[in-house]
file coords.cif (mmCIF, C-alpha atoms and all ligand atoms)
data_entry
loop_
_atom_site.label_atom_id
_atom_site.label_comp_id
_atom_site.auth_asym_id
_atom_site.auth_seq_id
_atom_site.Cartn_x
_atom_site.Cartn_y
_atom_site.Cartn_z
CA MET J 1 127.75 150.89 80.83
CA ALA J 2 124.30 151.87 81.96
CA VAL J 3 121.17 149.86 82.21
CA SER J 4 117.74 151.41 82.26
CA ALA J 5 115.32 151.03 85.15
CA GLU J 6 112.82 149.87 82.57
CA ALA J 7 115.03 146.96 81.50
CA LEU J 8 115.60 145.94 85.14
CA ARG J 9 111.92 146.28 85.93
CA GLU J 10 111.12 144.00 83.02
CA LEU J 11 113.71 141.46 84.17
CA HIS J 12 112.32 141.50 87.68
CA ARG J 13 108.78 141.08 86.39
CA ILE J 14 109.83 138.00 84.40
CA HIS J 15 111.68 136.52 87.38
CA CYS J 16 108.69 137.09 89.67
CA GLN J 17 106.30 135.48 87.22
CA LEU J 18 108.63 132.52 86.71
CA THR J 19 108.96 132.06 90.47
CA ASP J 20 105.22 132.24 90.90
CA LEU J 21 104.61 129.70 88.11
CA ARG J 22 107.26 127.30 89.43
CA GLU J 23 105.79 127.52 92.93
CA ARG J 24 102.38 126.77 91.50
CA LEU J 25 103.80 123.72 89.71
CA GLU J 26 105.33 122.50 92.96
CA ARG J 27 102.11 123.09 94.86
CA GLY J 28 100.11 120.79 92.56
CA PRO J 29 101.53 117.44 93.71
CA ARG J 30 101.23 118.55 97.34
CA GLN J 31 97.56 119.38 96.81
CA ILE J 32 97.00 115.94 95.27
CA GLN J 33 98.88 114.26 98.09
CA ALA J 34 96.74 115.97 100.74
CA ARG J 35 93.60 114.69 99.03
CA GLN J 36 95.06 111.20 98.67
CA LEU J 37 95.70 111.15 102.41
CA ASN J 38 92.13 112.23 103.00
CA VAL J 39 90.80 109.43 100.76
CA ALA J 40 92.95 106.89 102.61
CA LYS J 41 91.56 108.12 105.92
CA LEU J 42 87.98 107.99 104.63
CA THR J 43 88.55 104.48 103.23
CA THR J 44 89.70 103.25 106.63
CA ALA J 45 86.71 104.89 108.31
CA GLN J 46 84.33 103.38 105.76
CA SER J 47 85.73 99.85 106.17
CA ALA J 48 85.53 100.16 109.94
CA ALA J 49 81.92 101.37 109.76
CA HIS J 50 80.85 98.43 107.57
CA GLU J 51 82.78 95.97 109.69
CA THR J 52 80.97 97.20 112.81
CA VAL J 53 77.61 96.73 111.08
CA GLN J 54 78.59 93.20 110.10
CA LYS J 55 79.88 92.25 113.54
CA THR J 56 76.80 93.64 115.28
CA ARG J 57 74.55 91.82 112.83
CA MET J 58 76.41 88.54 113.38
CA ALA J 59 76.07 88.93 117.14
CA ALA J 60 72.33 89.63 116.76
CA ASP J 61 71.93 86.59 114.48
CA GLN J 62 73.72 84.46 117.04
CA LYS J 63 71.36 85.67 119.77
CA GLN J 64 68.38 84.99 117.56
CA LEU J 65 69.59 81.40 117.08
CA GLU J 66 70.02 81.04 120.82
CA LEU J 67 66.51 82.38 121.41
CA LYS J 68 65.06 80.00 118.84
CA SER J 69 66.71 76.95 120.35
CA SER J 70 65.67 78.05 123.84
CA GLU J 71 62.09 78.44 122.62
CA GLY J 72 62.32 74.92 121.15
CA ARG J 73 63.52 73.58 124.47
CA ILE J 74 60.67 75.33 126.28
CA GLU J 75 58.16 73.76 123.89
CA ASP J 76 59.68 70.33 124.57
CA TRP J 77 59.45 70.86 128.31
CA LYS J 78 55.85 72.00 128.04
CA THR J 79 55.02 68.78 126.21
CA LYS J 80 56.80 66.81 128.92
CA LEU J 81 54.62 68.48 131.58
CA ASN J 82 51.75 66.19 130.57
CA SER J 83 53.78 63.05 131.10
CA CYS J 84 55.23 63.93 134.49
CA ASN J 85 55.12 61.08 137.01
CA SER J 86 55.28 63.18 140.16
CA ASN J 87 54.25 66.56 141.37
CA LYS J 88 57.88 67.29 142.23
CA GLU J 89 58.98 66.48 138.72
CA TYR J 90 56.18 68.71 137.43
CA GLN J 91 57.20 71.61 139.69
CA THR J 92 60.86 71.30 138.75
CA LEU J 93 59.98 71.39 135.08
CA LEU J 94 57.70 74.39 135.61
CA GLU J 95 60.54 76.26 137.32
CA GLN J 96 62.90 75.28 134.54
CA ILE J 97 60.44 76.64 131.98
CA ALA J 98 59.95 79.89 133.94
CA ALA J 99 63.73 80.43 134.20
CA ALA J 100 64.20 79.72 130.50
CA GLU J 101 61.37 82.08 129.59
CA MET J 102 62.94 84.80 131.72
CA ALA J 103 66.30 84.30 130.07
CA GLY J 104 64.53 84.28 126.69
CA SER J 105 62.86 87.61 127.37
CA VAL J 106 66.20 89.18 128.34
CA LEU J 107 67.65 87.78 125.11
CA ALA J 108 64.72 89.16 123.10
CA ASP J 109 65.33 92.63 124.58
CA GLU J 110 68.99 92.39 123.69
CA ILE J 111 68.10 91.38 120.13
CA LEU J 112 65.77 94.35 119.80
CA GLU J 113 68.48 96.70 121.07
CA ALA J 114 70.97 95.16 118.65
CA LEU J 115 68.56 95.64 115.72
CA GLU J 116 68.08 99.30 116.64
CA ARG J 117 71.83 99.68 116.90
CA ILE J 118 72.27 98.06 113.48
CA ASP J 119 69.89 100.65 112.01
CA GLN J 120 72.01 103.46 113.46
CA LEU J 121 75.25 101.81 112.37
CA GLU J 122 73.91 101.42 108.85
CA VAL J 123 73.17 105.15 108.71
CA ALA J 124 76.75 105.83 109.84
CA ALA J 125 78.13 103.37 107.28
CA SER J 126 76.15 104.93 104.46
CA LEU J 127 77.41 108.36 105.54
CA ALA J 128 80.96 106.97 105.44
CA ASP J 129 80.25 105.71 101.88
CA LYS J 130 79.13 109.18 100.83
CA LEU J 131 82.09 110.89 102.46
CA LEU J 132 84.47 108.51 100.72
CA ALA J 133 82.77 109.03 97.36
CA SER J 134 82.98 112.80 97.67
CA GLY J 135 86.60 112.55 98.83
CA GLN J 136 87.42 110.48 95.76
CA GLU J 137 85.57 112.90 93.54
CA GLU J 138 87.51 115.79 95.03
CA LEU J 139 90.78 113.94 94.46
CA GLU J 140 89.92 113.39 90.78
CA LYS J 141 88.85 117.00 90.38
CA CYS J 142 92.13 118.11 91.97
CA ARG J 143 94.14 115.79 89.71
CA ARG J 144 92.47 117.21 86.62
CA ALA J 145 92.88 120.82 87.79
CA VAL J 146 96.55 120.27 88.65
CA ALA J 147 97.23 118.60 85.29
CA GLN J 148 95.50 121.41 83.47
CA GLU J 149 97.30 124.07 85.45
CA ALA J 150 100.63 122.31 84.93
CA GLU J 151 100.06 122.36 81.20
CA VAL J 152 99.24 126.07 81.16
CA ALA J 153 102.04 126.92 83.59
CA GLY J 154 104.48 124.83 81.56
CA ARG J 155 103.66 126.80 78.42
CA ASP J 156 103.91 130.12 80.29
CA ILE J 157 107.25 129.12 81.76
CA GLU J 158 108.59 128.23 78.31
CA ARG J 159 107.46 131.59 76.95
CA LEU J 160 108.86 133.52 79.92
CA GLU J 161 112.18 131.72 79.71
CA ILE J 162 112.52 132.91 76.13
CA ASP J 163 111.57 136.46 77.23
CA LEU J 164 114.12 136.20 80.04
CA ALA J 165 116.91 135.08 77.71
CA THR J 166 116.09 137.97 75.39
CA ALA J 167 115.99 140.51 78.23
CA GLU J 168 119.23 139.17 79.72
CA SER J 169 121.03 139.28 76.41
CA GLY J 170 120.28 143.01 76.34
CA LEU J 171 122.19 143.62 79.58
CA PRO J 172 125.59 145.30 79.30
CA ALA J 173 128.48 142.85 79.52
CA ASP J 174 130.01 144.45 82.66
CA PHE J 175 126.64 144.07 84.35
CA GLN J 176 126.13 140.38 83.67
CA GLY J 177 128.39 138.96 86.42
CA ASP J 178 126.77 140.85 89.31
CA TYR J 179 123.30 140.28 87.93
CA ARG J 180 123.78 136.53 87.55
CA ARG J 181 125.36 136.22 90.98
CA VAL J 182 122.43 137.88 92.76
CA ILE J 183 119.81 135.96 90.77
CA ARG J 184 121.62 132.69 91.33
CA SER J 185 121.66 133.16 95.10
CA LYS J 186 118.25 134.78 95.63
CA GLY J 187 116.17 134.29 92.52
CA ALA J 188 113.42 136.86 91.98
CA ASP J 189 114.01 138.10 95.54
CA GLY J 190 117.46 139.26 94.43
CA MET J 191 115.95 142.33 92.76
CA ALA J 192 113.95 145.12 94.34
CA GLU J 193 112.27 148.32 93.35
CA VAL J 194 113.12 151.63 95.01
CA GLU J 195 110.19 153.84 95.83
CA ARG J 196 110.60 157.18 97.61
CA GLN J 197 114.20 156.22 98.31
CA VAL J 198 113.12 153.05 100.12
CA CYS J 199 114.21 149.56 99.05
CA GLN J 200 111.04 147.54 98.58
CA GLY J 201 113.00 144.36 99.27
CA CYS J 202 113.80 145.17 102.90
CA GLY J 203 112.09 148.48 103.67
CA GLN J 204 115.37 150.29 104.37
CA GLN J 205 116.05 153.78 103.10
CA ILE J 206 118.84 154.11 100.57
CA THR J 207 121.35 156.95 100.56
CA LEU J 208 121.06 160.00 98.38
CA ASN J 209 124.22 158.88 96.63
CA MET J 210 122.63 155.54 95.77
CA GLN J 211 119.51 157.32 94.55
CA ASN J 212 121.68 159.51 92.31
CA ASN J 213 123.49 156.48 90.94
CA LEU J 214 120.15 154.88 90.16
CA MET J 215 119.17 158.03 88.27
CA LEU J 216 122.41 157.70 86.34
CA GLU J 217 121.40 154.09 85.51
CA LYS J 218 124.36 152.67 87.37
CA LEU J 219 124.50 149.28 89.03
CA VAL J 220 123.27 149.72 92.65
CA PHE J 221 122.80 147.11 95.35
CA CYS J 222 120.89 147.65 98.58
CA ALA J 223 123.42 148.00 101.41
CA SER J 224 121.01 146.27 103.74
CA CYS J 225 119.53 143.30 101.84
CA GLY J 226 121.89 143.08 98.88
CA CYS J 227 119.13 143.36 96.29
CA LEU J 228 119.88 144.67 92.84
CA LEU J 229 117.91 147.91 92.81
CA TYR J 230 115.98 149.78 90.18
CA LEU J 231 113.78 152.85 90.31
CA SER J 232 110.05 152.50 90.54
CA GLU J 233 108.07 153.67 87.56
CA ARG J 234 106.30 156.30 89.63
CA ILE J 235 109.55 157.95 90.74
CA GLU J 236 111.09 157.81 87.31
CA SER J 237 108.21 159.44 85.52
ZN ZN S 1 117.02 146.26 100.61
#

call {"tool": "encode", "arguments": {"input": "coords.cif", "output": "structure tokens"}}
result
Amino acid sequence: MAVSAEALRELHRIHCQLTDLRERLERGPRQIQARQLNVAKLTTAQSAAHETVQKTRMAADQKQLELKSSEGRIEDWKTKLNSCNSNKEYQTLLEQIAAAEMAGSVLADEILEALERIDQLEVAASLADKLLASGQEELEKCRRAVAQEAEVAGRDIERLEIDLATAESGLPADFQGDYRRVIRSKGADGMAEVERQVCQGCGQQITLNMQNNLMLEKLVFCASCGCLLYLSERIES
């Protein structure tokens, strides 16, 4: 029995669309997963950025406490200067005060540096907040888009599966076995159009005999790639 190129073309079109839709359905979860990974990465970066701000601030606070208590000590010593009993005692205390004031000024510089650093770290932390927020937003957007696409694709697949069953039921009985075998092993890639005597599945030229058989609407498989062949619309017309 013969089968028209038109019927095969239609079958191939349905298979290609089904493959495309199923691939799109499979791509969705992968797209979501990639964005989830990104959010996880941004969350880690954000936590680290805030932790650094906190640690630097704690260190600066500690230094400020040290400076304050050193300043208190210096004040005490200055008071004691008036009640010194000897010149030596006075000199020793003066040196002690000078050394403590020197150390205090180094500490004050360090505190200033730390405060400047905190400002910079806070900018970085707020940037990390924004990046995380936009990553989360993108994830939600992707989730919605994937869900929407899955719904549409699911409906299209249902419709195409009905079309496919109808188209397949129209195939001659002696054709069914070979057709099902090639589709089962290669899916949509199991069928290929022939244009100017060239198999579009593998790019190899088919023989004149094969071309003639195609014209006679016989079952023809590509000798090179094994595809079930059908004539292109352009050649046929
Ligand atoms: Zn081929």

call {"tool": "residues_near_point", "arguments": {"input": "coords.cif", "point": "(112.8, 154.5, 97.0)", "cutoff": "12 Å", "atoms": "all atoms listed in the file", "output": "MDAnalysis selection string"}}
result
chainID J and resid 192:208 210:212 214:215 222 229:236

call {"tool": "residues_around", "arguments": {"input": "coords.cif", "residues": "stretch 148-159 of chain J", "least_positions_apart": "5", "cutoff": "7 Å", "atoms": "all atoms listed in the file", "output": "ChimeraX atom specification"}}
result
/J:18,21,25

call {"tool": "atom_distance", "arguments": {"input": "coords.cif", "atom1": "atom CA of J:Glu75", "atom2": "atom CA of J:Glu101"}}
result
10.6 Å

call {"tool": "closest_residue", "arguments": {"input": "coords.cif", "among": "J:Lys41, J:His15, J:Lys78, J:Arg117", "to": "J:Arg57", "atoms": "all atoms listed in the file"}}
result
J:Arg117

call {"tool": "atom_distance", "arguments": {"input": "coords.cif", "atom1": "atom CA of J:Ala40", "atom2": "atom CA of J:Leu127"}}
result
15.9 Å

call {"tool": "residues_near_point", "arguments": {"input": "coords.cif", "point": "(65.7, 79.2, 128.1)", "cutoff": "8 Å", "atoms": "all atoms listed in the file", "output": "PyMOL selection string"}}
result
chain J and resi 67+70-71+73-74+97+99-104

call {"tool": "residues_around", "arguments": {"input": "coords.cif", "residues": "stretch 172-179 of chain J", "least_positions_apart": "3", "cutoff": "9 Å", "atoms": "all atoms listed in the file", "output": "PyMOL selection string"}}
result
chain J and resi 1-3+168-169+182-184+190+219+228

call {"tool": "atom_distance", "arguments": {"input": "coords.cif", "atom1": "atom CA of J:Ala49", "atom2": "atom CA of J:Arg35"}}
result
20.7 Å

call {"tool": "closest_residue", "arguments": {"input": "coords.cif", "among": "J:Lys186, J:Arg27, J:His12, J:His50", "to": "J:Arg143", "atoms": "only C-alpha atoms"}}
result
J:Arg27

call {"tool": "closest_residue", "arguments": {"input": "coords.cif", "among": "J:Thr43, J:Asn82, J:Asn209, J:Gln120", "to": "J:Thr56", "atoms": "only C-alpha atoms"}}
result
J:Gln120

call {"tool": "closest_residue", "arguments": {"input": "coords.cif", "among": "J:Ser4, J:Gln46, J:Thr92, J:Ser185", "to": "J:Val123", "atoms": "all atoms listed in the file"}}
result
J:Gln46

call {"tool": "closest_residue", "arguments": {"input": "coords.cif", "among": "J:Trp77, J:Glu110, J:Glu122, J:Ser224", "to": "J:Leu94", "atoms": "only C-alpha atoms"}}
result
J:Trp77

call {"tool": "closest_residue", "arguments": {"input": "coords.cif", "among": "J:Gln136, J:Gln54, J:Gln96, J:Asn213", "to": "J:Ala34", "atoms": "all atoms listed in the file"}}
result
J:Gln136

call {"tool": "axis_aligned_box", "arguments": {"input": "coords.cif", "around": "stretch 188-203 of chain J", "padding_each_side": "6 Å", "output": "lines of an AutoDock Vina configuration file"}}
result
center_x = 113.8
center_y = 147.0
center_z = 97.8
size_x = 19.3
size_y = 32.3
size_z = 23.7
